[in-house]
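Have a look at entry06.cif; it's mmCIF, N, CA, C and O atoms:
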data_work
#
loop_
_atom_site.label_atom_id
_atom_site.label_comp_id
_atom_site.auth_asym_id
_atom_site.auth_seq_id
_atom_site.Cartn_x
_atom_site.Cartn_y
_atom_site.Cartn_z
N PHE A 1382 -81.92 75.27 -81.87
CA PHE A 1382 -81.42 76.29 -82.77
C PHE A 1382 -80.82 77.44 -81.98
O PHE A 1382 -81.28 77.77 -80.91
N ASP A 1383 -79.84 78.04 -82.54
CA ASP A 1383 -79.18 79.18 -81.93
C ASP A 1383 -79.75 80.43 -82.58
O ASP A 1383 -79.52 80.69 -83.74
N SER A 1384 -80.50 81.23 -81.80
CA SER A 1384 -81.13 82.40 -82.39
C SER A 1384 -80.14 83.53 -82.61
O SER A 1384 -80.40 84.43 -83.39
N GLY A 1385 -79.01 83.55 -81.93
CA GLY A 1385 -77.96 84.54 -82.17
C GLY A 1385 -78.50 85.93 -82.37
O GLY A 1385 -79.30 86.42 -81.60
N ALA A 1386 -78.07 86.61 -83.43
CA ALA A 1386 -78.48 87.99 -83.71
C ALA A 1386 -79.65 88.05 -84.68
O ALA A 1386 -79.96 89.09 -85.21
N ALA A 1387 -80.30 86.95 -84.91
CA ALA A 1387 -81.42 86.93 -85.85
C ALA A 1387 -82.60 87.72 -85.30
O ALA A 1387 -82.78 87.81 -84.09
N PRO A 1388 -83.42 88.31 -86.15
CA PRO A 1388 -84.60 89.05 -85.69
C PRO A 1388 -85.55 88.14 -84.92
O PRO A 1388 -85.51 86.92 -85.06
N ALA A 1389 -86.42 88.75 -84.11
CA ALA A 1389 -87.40 87.98 -83.35
C ALA A 1389 -88.20 87.09 -84.29
O ALA A 1389 -88.60 87.50 -85.37
N GLY A 1390 -88.42 85.84 -83.88
CA GLY A 1390 -89.20 84.92 -84.69
C GLY A 1390 -88.40 84.20 -85.76
O GLY A 1390 -88.92 83.38 -86.48
N VAL A 1391 -87.12 84.51 -85.87
CA VAL A 1391 -86.26 83.86 -86.87
C VAL A 1391 -85.12 83.20 -86.13
O VAL A 1391 -84.52 83.79 -85.24
N ALA A 1392 -84.82 81.98 -86.47
CA ALA A 1392 -83.69 81.28 -85.83
C ALA A 1392 -82.78 80.71 -86.89
O ALA A 1392 -83.23 80.23 -87.92
N ARG A 1393 -81.51 80.77 -86.62
CA ARG A 1393 -80.53 80.13 -87.48
C ARG A 1393 -80.36 78.70 -87.00
O ARG A 1393 -80.23 78.47 -85.81
N GLY A 1394 -80.32 77.78 -87.92
CA GLY A 1394 -79.99 76.41 -87.56
C GLY A 1394 -78.50 76.30 -87.36
O GLY A 1394 -77.75 77.20 -87.72
N PRO A 1395 -78.06 75.21 -86.79
CA PRO A 1395 -76.62 75.01 -86.65
C PRO A 1395 -75.93 75.16 -88.00
O PRO A 1395 -76.48 74.79 -89.03
N ALA A 1396 -74.74 75.71 -88.01
CA ALA A 1396 -74.02 75.98 -89.26
C ALA A 1396 -73.92 74.74 -90.14
O ALA A 1396 -73.98 74.84 -91.35
N ARG A 1397 -73.79 73.59 -89.55
CA ARG A 1397 -73.63 72.38 -90.37
C ARG A 1397 -74.87 72.06 -91.18
O ARG A 1397 -74.82 71.36 -92.15
N PHE A 1398 -76.04 72.58 -90.76
CA PHE A 1398 -77.28 72.35 -91.51
C PHE A 1398 -77.56 73.48 -92.49
O PHE A 1398 -78.26 73.28 -93.46
N GLY A 1399 -77.08 74.67 -92.23
CA GLY A 1399 -77.23 75.78 -93.16
C GLY A 1399 -78.65 76.26 -93.33
O GLY A 1399 -79.06 76.59 -94.44
N LEU A 1400 -79.42 76.33 -92.25
CA LEU A 1400 -80.82 76.76 -92.33
C LEU A 1400 -81.09 78.02 -91.53
O LEU A 1400 -80.58 78.17 -90.43
N VAL A 1401 -81.91 78.89 -92.10
CA VAL A 1401 -82.50 79.99 -91.37
C VAL A 1401 -84.01 79.79 -91.50
O VAL A 1401 -84.54 79.72 -92.62
N LEU A 1402 -84.68 79.66 -90.37
CA LEU A 1402 -86.12 79.37 -90.35
C LEU A 1402 -86.87 80.47 -89.61
O LEU A 1402 -86.30 81.17 -88.78
N ARG A 1403 -88.16 80.57 -89.90
CA ARG A 1403 -89.05 81.45 -89.14
C ARG A 1403 -90.39 80.76 -89.00
O ARG A 1403 -90.74 79.88 -89.81
N ALA A 1404 -91.13 81.15 -87.99
CA ALA A 1404 -92.48 80.62 -87.81
C ALA A 1404 -93.37 81.14 -88.94
O ALA A 1404 -93.25 82.30 -89.35
N ALA A 1405 -94.23 80.30 -89.45
CA ALA A 1405 -95.18 80.72 -90.48
C ALA A 1405 -96.15 81.74 -89.87
O ALA A 1405 -96.52 81.63 -88.70
N THR A 1406 -96.53 82.72 -90.66
CA THR A 1406 -97.50 83.70 -90.19
C THR A 1406 -98.89 83.09 -90.14
O THR A 1406 -99.14 82.02 -90.73
N ASP A 1407 -99.80 83.75 -89.45
CA ASP A 1407 -101.18 83.27 -89.41
C ASP A 1407 -101.74 83.12 -90.82
O ASP A 1407 -102.40 82.13 -91.13
N ARG A 1408 -101.47 84.09 -91.67
CA ARG A 1408 -101.98 84.06 -93.05
C ARG A 1408 -101.42 82.85 -93.80
O ARG A 1408 -102.16 82.16 -94.51
N GLU A 1409 -100.12 82.60 -93.66
CA GLU A 1409 -99.52 81.45 -94.33
C GLU A 1409 -100.12 80.15 -93.82
O GLU A 1409 -100.41 79.25 -94.61
N ARG A 1410 -100.31 80.03 -92.51
CA ARG A 1410 -100.88 78.80 -91.95
C ARG A 1410 -102.31 78.59 -92.45
O ARG A 1410 -102.68 77.47 -92.78
N ARG A 1411 -103.09 79.65 -92.53
CA ARG A 1411 -104.46 79.53 -93.05
C ARG A 1411 -104.45 79.09 -94.51
O ARG A 1411 -105.20 78.21 -94.93
N ARG A 1412 -103.57 79.71 -95.31
CA ARG A 1412 -103.47 79.37 -96.74
C ARG A 1412 -103.08 77.91 -96.93
O ARG A 1412 -103.59 77.23 -97.82
N LEU A 1413 -102.18 77.43 -96.08
CA LEU A 1413 -101.71 76.05 -96.17
C LEU A 1413 -102.65 75.06 -95.50
O LEU A 1413 -102.54 73.85 -95.72
N GLY A 1414 -103.56 75.57 -94.66
CA GLY A 1414 -104.47 74.69 -93.94
C GLY A 1414 -103.78 73.88 -92.85
O GLY A 1414 -104.15 72.74 -92.60
N VAL A 1415 -102.79 74.50 -92.20
CA VAL A 1415 -102.06 73.82 -91.13
C VAL A 1415 -102.11 74.67 -89.86
O VAL A 1415 -102.30 75.88 -89.92
N GLY A 1416 -101.92 74.01 -88.74
CA GLY A 1416 -101.92 74.71 -87.47
C GLY A 1416 -100.57 75.30 -87.11
O GLY A 1416 -100.48 76.35 -86.49
N GLN A 1417 -99.51 74.60 -87.49
CA GLN A 1417 -98.16 75.03 -87.15
C GLN A 1417 -97.22 74.69 -88.29
O GLN A 1417 -97.36 73.66 -88.93
N ALA A 1418 -96.24 75.58 -88.51
CA ALA A 1418 -95.26 75.33 -89.56
C ALA A 1418 -94.11 76.30 -89.43
O ALA A 1418 -94.25 77.36 -88.82
N LEU A 1419 -93.00 75.94 -90.02
CA LEU A 1419 -91.85 76.81 -90.13
C LEU A 1419 -91.59 77.05 -91.62
O LEU A 1419 -91.88 76.19 -92.45
N VAL A 1420 -91.04 78.22 -91.94
CA VAL A 1420 -90.74 78.57 -93.32
C VAL A 1420 -89.23 78.75 -93.45
O VAL A 1420 -88.60 79.40 -92.61
N VAL A 1421 -88.66 78.18 -94.50
CA VAL A 1421 -87.23 78.32 -94.76
C VAL A 1421 -87.00 79.72 -95.33
O VAL A 1421 -87.56 80.09 -96.35
N GLU A 1422 -86.16 80.49 -94.64
CA GLU A 1422 -85.77 81.82 -95.12
C GLU A 1422 -84.53 81.72 -95.99
O GLU A 1422 -84.43 82.38 -97.01
N ARG A 1423 -83.55 80.90 -95.55
CA ARG A 1423 -82.31 80.69 -96.31
C ARG A 1423 -81.86 79.26 -96.10
O ARG A 1423 -82.03 78.70 -95.03
N ALA A 1424 -81.27 78.70 -97.13
CA ALA A 1424 -80.70 77.36 -97.04
C ALA A 1424 -79.37 77.36 -97.77
O ALA A 1424 -79.25 77.87 -98.87
N SER A 1425 -78.38 76.80 -97.12
CA SER A 1425 -77.06 76.67 -97.74
C SER A 1425 -76.44 75.37 -97.25
O SER A 1425 -77.03 74.66 -96.45
N GLY A 1426 -75.28 75.06 -97.76
CA GLY A 1426 -74.56 73.88 -97.32
C GLY A 1426 -75.40 72.61 -97.41
O GLY A 1426 -76.03 72.34 -98.43
N GLN A 1427 -75.39 71.85 -96.34
CA GLN A 1427 -76.06 70.56 -96.29
C GLN A 1427 -77.57 70.69 -96.58
O GLN A 1427 -78.13 69.86 -97.30
N ALA A 1428 -78.21 71.73 -96.08
CA ALA A 1428 -79.65 71.91 -96.31
C ALA A 1428 -79.93 72.15 -97.79
O ALA A 1428 -80.87 71.57 -98.35
N ALA A 1429 -79.14 72.99 -98.44
CA ALA A 1429 -79.34 73.26 -99.87
C ALA A 1429 -79.06 72.01 -100.70
O ALA A 1429 -79.80 71.72 -101.64
N ARG A 1430 -78.03 71.26 -100.33
CA ARG A 1430 -77.72 70.03 -101.06
C ARG A 1430 -78.85 69.01 -100.92
O ARG A 1430 -79.08 68.21 -101.82
N ALA A 1431 -79.57 69.07 -99.81
CA ALA A 1431 -80.70 68.16 -99.59
C ALA A 1431 -81.94 68.63 -100.35
O ALA A 1431 -82.96 67.94 -100.36
N GLY A 1432 -81.86 69.82 -100.97
CA GLY A 1432 -82.98 70.31 -101.76
C GLY A 1432 -83.84 71.36 -101.09
O GLY A 1432 -84.80 71.84 -101.69
N LEU A 1433 -83.53 71.75 -99.86
CA LEU A 1433 -84.31 72.80 -99.21
C LEU A 1433 -83.99 74.14 -99.85
O LEU A 1433 -82.84 74.41 -100.21
N GLN A 1434 -85.01 74.99 -99.99
CA GLN A 1434 -84.82 76.30 -100.58
C GLN A 1434 -85.76 77.29 -99.92
O GLN A 1434 -86.76 76.90 -99.31
N PRO A 1435 -85.47 78.59 -100.03
CA PRO A 1435 -86.32 79.61 -99.43
C PRO A 1435 -87.77 79.44 -99.87
O PRO A 1435 -88.05 79.15 -101.03
N GLY A 1436 -88.66 79.58 -98.90
CA GLY A 1436 -90.09 79.43 -99.17
C GLY A 1436 -90.62 78.05 -98.86
O GLY A 1436 -91.83 77.87 -98.73
N ASP A 1437 -89.74 77.07 -98.73
CA ASP A 1437 -90.19 75.73 -98.35
C ASP A 1437 -90.83 75.78 -96.97
O ASP A 1437 -90.43 76.58 -96.12
N VAL A 1438 -91.80 74.92 -96.75
CA VAL A 1438 -92.52 74.86 -95.48
C VAL A 1438 -92.16 73.57 -94.77
O VAL A 1438 -92.23 72.50 -95.36
N VAL A 1439 -91.77 73.68 -93.51
CA VAL A 1439 -91.43 72.52 -92.69
C VAL A 1439 -92.59 72.26 -91.75
O VAL A 1439 -92.95 73.11 -90.94
N LEU A 1440 -93.20 71.08 -91.89
CA LEU A 1440 -94.33 70.72 -91.04
C LEU A 1440 -93.93 69.78 -89.90
O LEU A 1440 -94.55 69.79 -88.83
N SER A 1441 -92.90 68.97 -90.13
CA SER A 1441 -92.46 68.04 -89.10
C SER A 1441 -90.98 67.73 -89.27
O SER A 1441 -90.42 67.92 -90.35
N VAL A 1442 -90.40 67.26 -88.19
CA VAL A 1442 -89.00 66.83 -88.18
C VAL A 1442 -88.96 65.46 -87.51
O VAL A 1442 -89.45 65.32 -86.39
N ASN A 1443 -88.42 64.50 -88.22
CA ASN A 1443 -88.38 63.13 -87.69
C ASN A 1443 -89.74 62.64 -87.24
O ASN A 1443 -89.88 61.98 -86.22
N GLY A 1444 -90.78 63.01 -87.98
CA GLY A 1444 -92.14 62.55 -87.70
C GLY A 1444 -92.87 63.33 -86.62
O GLY A 1444 -94.04 63.07 -86.36
N ALA A 1445 -92.21 64.28 -85.99
CA ALA A 1445 -92.84 65.10 -84.94
C ALA A 1445 -93.23 66.46 -85.52
O ALA A 1445 -92.40 67.15 -86.12
N THR A 1446 -94.49 66.85 -85.34
CA THR A 1446 -94.96 68.15 -85.80
C THR A 1446 -94.15 69.26 -85.17
O THR A 1446 -93.87 69.21 -83.97
N VAL A 1447 -93.74 70.24 -85.96
CA VAL A 1447 -93.00 71.38 -85.40
C VAL A 1447 -93.98 72.38 -84.83
O VAL A 1447 -94.95 72.75 -85.47
N ALA A 1448 -93.73 72.77 -83.60
CA ALA A 1448 -94.62 73.71 -82.93
C ALA A 1448 -93.99 75.10 -82.85
O ALA A 1448 -94.69 76.09 -82.71
N SER A 1449 -92.66 75.15 -82.92
CA SER A 1449 -91.96 76.43 -82.84
C SER A 1449 -90.54 76.24 -83.37
O SER A 1449 -90.13 75.12 -83.65
N ILE A 1450 -89.82 77.31 -83.44
CA ILE A 1450 -88.43 77.24 -83.87
C ILE A 1450 -87.60 76.47 -82.84
O ILE A 1450 -86.66 75.78 -83.18
N ASP A 1451 -87.97 76.58 -81.58
CA ASP A 1451 -87.24 75.86 -80.53
C ASP A 1451 -87.28 74.39 -80.79
O ASP A 1451 -86.39 73.65 -80.55
#

Please render this file's structure as structure tokens.
Amino acid sequence: FDSGAAPAGVARGPARFGLVLRAATDRERRRLGVGQALVVERASGQAARAGLQPGDVVLSVNGATVASID
């Protein structure tokens, strides 16, 4: 992901995916009962067409648990 001018802890996905993600807070992870997660801040383009929307939680990508925005 290209973090560009995004605030610390927030990364923009490549434009073709249309995602802005951030690491879940400790409180969110406790509420969800997960160790690691990303939260969708904004979704447009291909991501929105796929059904992603703000507030969605990403736990894995291609079967691999997400540990960070990187």

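Closest approach to Arg1403 in chain A from the set A:Val1415, A:Ala1448, A:Val1421, A:Val1442 is made by A:Val1421, with distances taken over only N, CA, C and O atoms.
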
Report task. Expand the PyMOL selection byres (((chain A and resi 1420 and name CA) around 6) and name CA) into the individual residues it matches in the shown file, reporting them as a list of chain:residue names. Result -> A:Leu1402, A:Arg1403, A:Ala1405, A:Leu1419, A:Val1421, A:Gly1436, A:Asp1437, A:Val1438

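Distance annotation: of A:Gln1434, A:Ser1425, A:Ser1449, A:Asn1443, the residue with the minimal separation from Gly1399 in chain A is A:Ser1425; atom set is all atoms listed in the file.
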
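In this structure, CA of Val1447 in chain A sits 14.0 Å away from CA of Thr1406 in chain A.
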
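For the pair CA of Arg1412 in chain A and CA of Leu1400 in chain A, the interatomic distance is 23.2 Å.
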
Report summary line: Here CA of Gln1417 in chain A and atom O of Val1401 in chain A stand apart by 15.4 Å

Please report, as JSON, the centre and edge lengths in Å to one decimal of an axis-aligned box covering all listed atoms of range 1425-1440 of chain A with 5 Å per side.
{"center_x": -84.6, "center_y": 73.8, "center_z": -95.3, "size_x": 30.0, "size_y": 21.7, "size_z": 23.0}

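Around the point (-77.1, 69.3, -92.2), within 6 Å and counting only N, CA, C and O atoms, we find these residues: Arg1397, Phe1398, Gly1399, Gln1427 and Ala1428 of chain A.
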